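Scroll down for the structure; my scribbles are underneath it.
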Amino acid sequence: MNPIFVITLSAVFVALAVASPIELTEDQKALTKQYGEQCAKEVNLTEEEVAKVKAKDFKSPSENIKCFANCFFEKVGTLKDGVVQEEVVLKKLGALIGEEKTREALTKCGGIKGENNCDTATKLHECFESFKPIEVQA
C-alpha cells in the first residue's frame, strides 16, 4: 500500500476521531502514521477503499473501512471492544474542542451501538461528525 495514502488516511481518521480540524504535533503525526499503517494492514484495505477515505466518501463504507475505523479508534484509545472510553475522549477531544462540547457529544453519541464493533465505530463517527464546526461561507 502506498505510504502517502496511508498517512493521508490516518490523518483523516484522526480528524474524524476528534470531529474538528486539528493541528497535530510531530509525535501525534508519527503515531497516526503508525496506527494507520497497522490498521490498513490488519484489515487489508484496497486502493479503492483508501481512495474513498481520502475523498471523505463515507456514504456507504465497506466492511473493511468500518473495521479500519474500529481498529484506529481502538489504537487511539477512544474505543475498547465497541465501547466508548469516555475519560479518553474527554482528555483528547476536550483539549481540542472544549470539555462542554465534548460532554455534549458524549451524551448524544456515547451509547450508540452497531451490529458489531466495526459498525459501532462507523456509527459513532457519524454521530461525532455532527459536532464538527460548521464552516462559514463568505
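Just so we're on the same page: first chain in the C-alpha cells is A, next is B, and so on; residues restart at 1 for each chain, and ligands are numbered from 1 in the order they show up.
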Restrict the calculation to only C-alpha atoms, then for each residue of range 43-101 of chain A with any atom at most 8 Å from an atom of range 106-121 of chain A give the closest atom pair and their distance in Å to one decimal, rows by chain and rising residue number, as a Markdown table.
```
| residue | atom | partner | partner_atom | distance |
| --- | --- | --- | --- | --- |
| A:Glu63 | CA | A:Cys118 | CA | 7.4 |
| A:Lys66 | CA | A:Cys118 | CA | 4.9 |
| A:Cys67 | CA | A:Cys118 | CA | 4.5 |
| A:Phe68 | CA | A:Cys118 | CA | 7.7 |
| A:Ala69 | CA | A:Ala121 | CA | 6.0 |
| A:Asn70 | CA | A:Ala121 | CA | 5.0 |
| A:Phe73 | CA | A:Ala121 | CA | 7.5 |
| A:Leu79 | CA | A:Ala121 | CA | 7.8 |
| A:Asp81 | CA | A:Asn117 | CA | 6.6 |
| A:Gly82 | CA | A:Asn117 | CA | 4.6 |
| A:Val83 | CA | A:Gly111 | CA | 7.9 |
| A:Val84 | CA | A:Gly110 | CA | 5.9 |
| A:Glu86 | CA | A:Leu106 | CA | 7.2 |
```
Would you mind listing what lies within 10 Å of Phe58 in chain A as a PDB file with N, CA, C and O atoms, in the first residue's frame, with only C-alpha atoms counted and same-chain residues fewer than 4 positions away left out?
```
ATOM      1  N   LYS A  52     -11.571   6.116  -1.292  1.00  0.00           N
ATOM      2  CA  LYS A  52     -12.852   6.570  -0.728  1.00  0.00           C
ATOM      3  C   LYS A  52     -12.627   7.346   0.569  1.00  0.00           C
ATOM      4  O   LYS A  52     -13.237   8.388   0.782  1.00  0.00           O
ATOM      5  N   VAL A  53     -11.763   6.831   1.413  1.00  0.00           N
ATOM      6  CA  VAL A  53     -11.497   7.512   2.677  1.00  0.00           C
ATOM      7  C   VAL A  53     -10.818   8.850   2.417  1.00  0.00           C
ATOM      8  O   VAL A  53     -11.186   9.866   2.999  1.00  0.00           O
ATOM      9  N   LYS A  54      -9.865   8.850   1.511  1.00  0.00           N
ATOM     10  CA  LYS A  54      -9.155  10.086   1.181  1.00  0.00           C
ATOM     11  C   LYS A  54     -10.129  11.147   0.668  1.00  0.00           C
ATOM     12  O   LYS A  54      -9.998  12.330   0.964  1.00  0.00           O
ATOM     13  N   SER A  62     -17.386   0.254   3.093  1.00  0.00           N
ATOM     14  CA  SER A  62     -17.228  -1.199   3.056  1.00  0.00           C
ATOM     15  C   SER A  62     -16.963  -1.699   4.474  1.00  0.00           C
ATOM     16  O   SER A  62     -16.646  -0.930   5.383  1.00  0.00           O
ATOM     17  N   ILE A  65     -13.506  -0.638   5.569  1.00  0.00           N
ATOM     18  CA  ILE A  65     -13.385   0.743   6.038  1.00  0.00           C
ATOM     19  C   ILE A  65     -13.958   0.856   7.451  1.00  0.00           C
ATOM     20  O   ILE A  65     -13.374   1.510   8.316  1.00  0.00           O
ATOM     21  N   LYS A  66     -15.073   0.199   7.706  1.00  0.00           N
ATOM     22  CA  LYS A  66     -15.652   0.203   9.048  1.00  0.00           C
ATOM     23  C   LYS A  66     -14.666  -0.400  10.050  1.00  0.00           C
ATOM     24  O   LYS A  66     -14.479   0.136  11.148  1.00  0.00           O
ATOM     25  N   THR A 122     -18.226   3.055  13.046  1.00  0.00           N
ATOM     26  CA  THR A 122     -18.718   3.883  11.950  1.00  0.00           C
ATOM     27  C   THR A 122     -19.899   4.747  12.401  1.00  0.00           C
ATOM     28  O   THR A 122     -19.958   5.939  12.093  1.00  0.00           O
ATOM     29  N   HIS A 125     -18.614   7.513  14.529  1.00  0.00           N
ATOM     30  CA  HIS A 125     -18.000   8.545  13.683  1.00  0.00           C
ATOM     31  C   HIS A 125     -19.071   9.462  13.113  1.00  0.00           C
ATOM     32  O   HIS A 125     -18.961  10.680  13.155  1.00  0.00           O
ATOM     33  N   GLU A 126     -20.141   8.877  12.586  1.00  0.00           N
ATOM     34  CA  GLU A 126     -21.228   9.669  12.002  1.00  0.00           C
ATOM     35  C   GLU A 126     -21.828  10.616  13.046  1.00  0.00           C
ATOM     36  O   GLU A 126     -22.103  11.781  12.750  1.00  0.00           O
TER      37      GLU A 126
END
```
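You will find CA of Lys59 in chain A at 17.0 Å from CA of Leu45 in chain A.
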Enter the distance from CA of Ala40 in chain A to CA of Glu26 in chain A, in Å, rounded to one decimal. 20.8 Å
I'd like the neighbourhood of Glu42 in chain A as a short mmCIF file (atom, residue, chain, number, x, y, z; two decimals) with N, CA, C and O atoms, in the first residue's frame, where a residue qualifies if any of its atoms comes within 9 Å (using only C-alpha atoms), though same-chain residues fewer than 4 positions away should be ignored.
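What landed in around23.cif:
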```
data_model
loop_
_atom_site.label_atom_id
_atom_site.label_comp_id
_atom_site.auth_asym_id
_atom_site.auth_seq_id
_atom_site.Cartn_x
_atom_site.Cartn_y
_atom_site.Cartn_z
N GLU A 37 -0.93 2.63 9.37
CA GLU A 37 -0.28 1.53 8.65
C GLU A 37 -0.66 0.18 9.25
O GLU A 37 -0.95 -0.77 8.53
N GLN A 38 -0.65 0.12 10.58
CA GLN A 38 -1.00 -1.14 11.25
C GLN A 38 -2.43 -1.56 10.92
O GLN A 38 -2.68 -2.71 10.57
N PHE A 68 -11.42 -0.66 9.68
CA PHE A 68 -10.27 0.24 9.81
C PHE A 68 -10.59 1.29 10.88
O PHE A 68 -9.76 1.58 11.74
N CYS A 71 -10.42 -0.31 14.32
CA CYS A 71 -9.02 -0.57 14.66
C CYS A 71 -8.32 0.72 15.08
O CYS A 71 -7.66 0.80 16.11
#
```
d(CA of Phe72 in chain A, CA of Lys91 in chain A) in Å: 17.2 Å
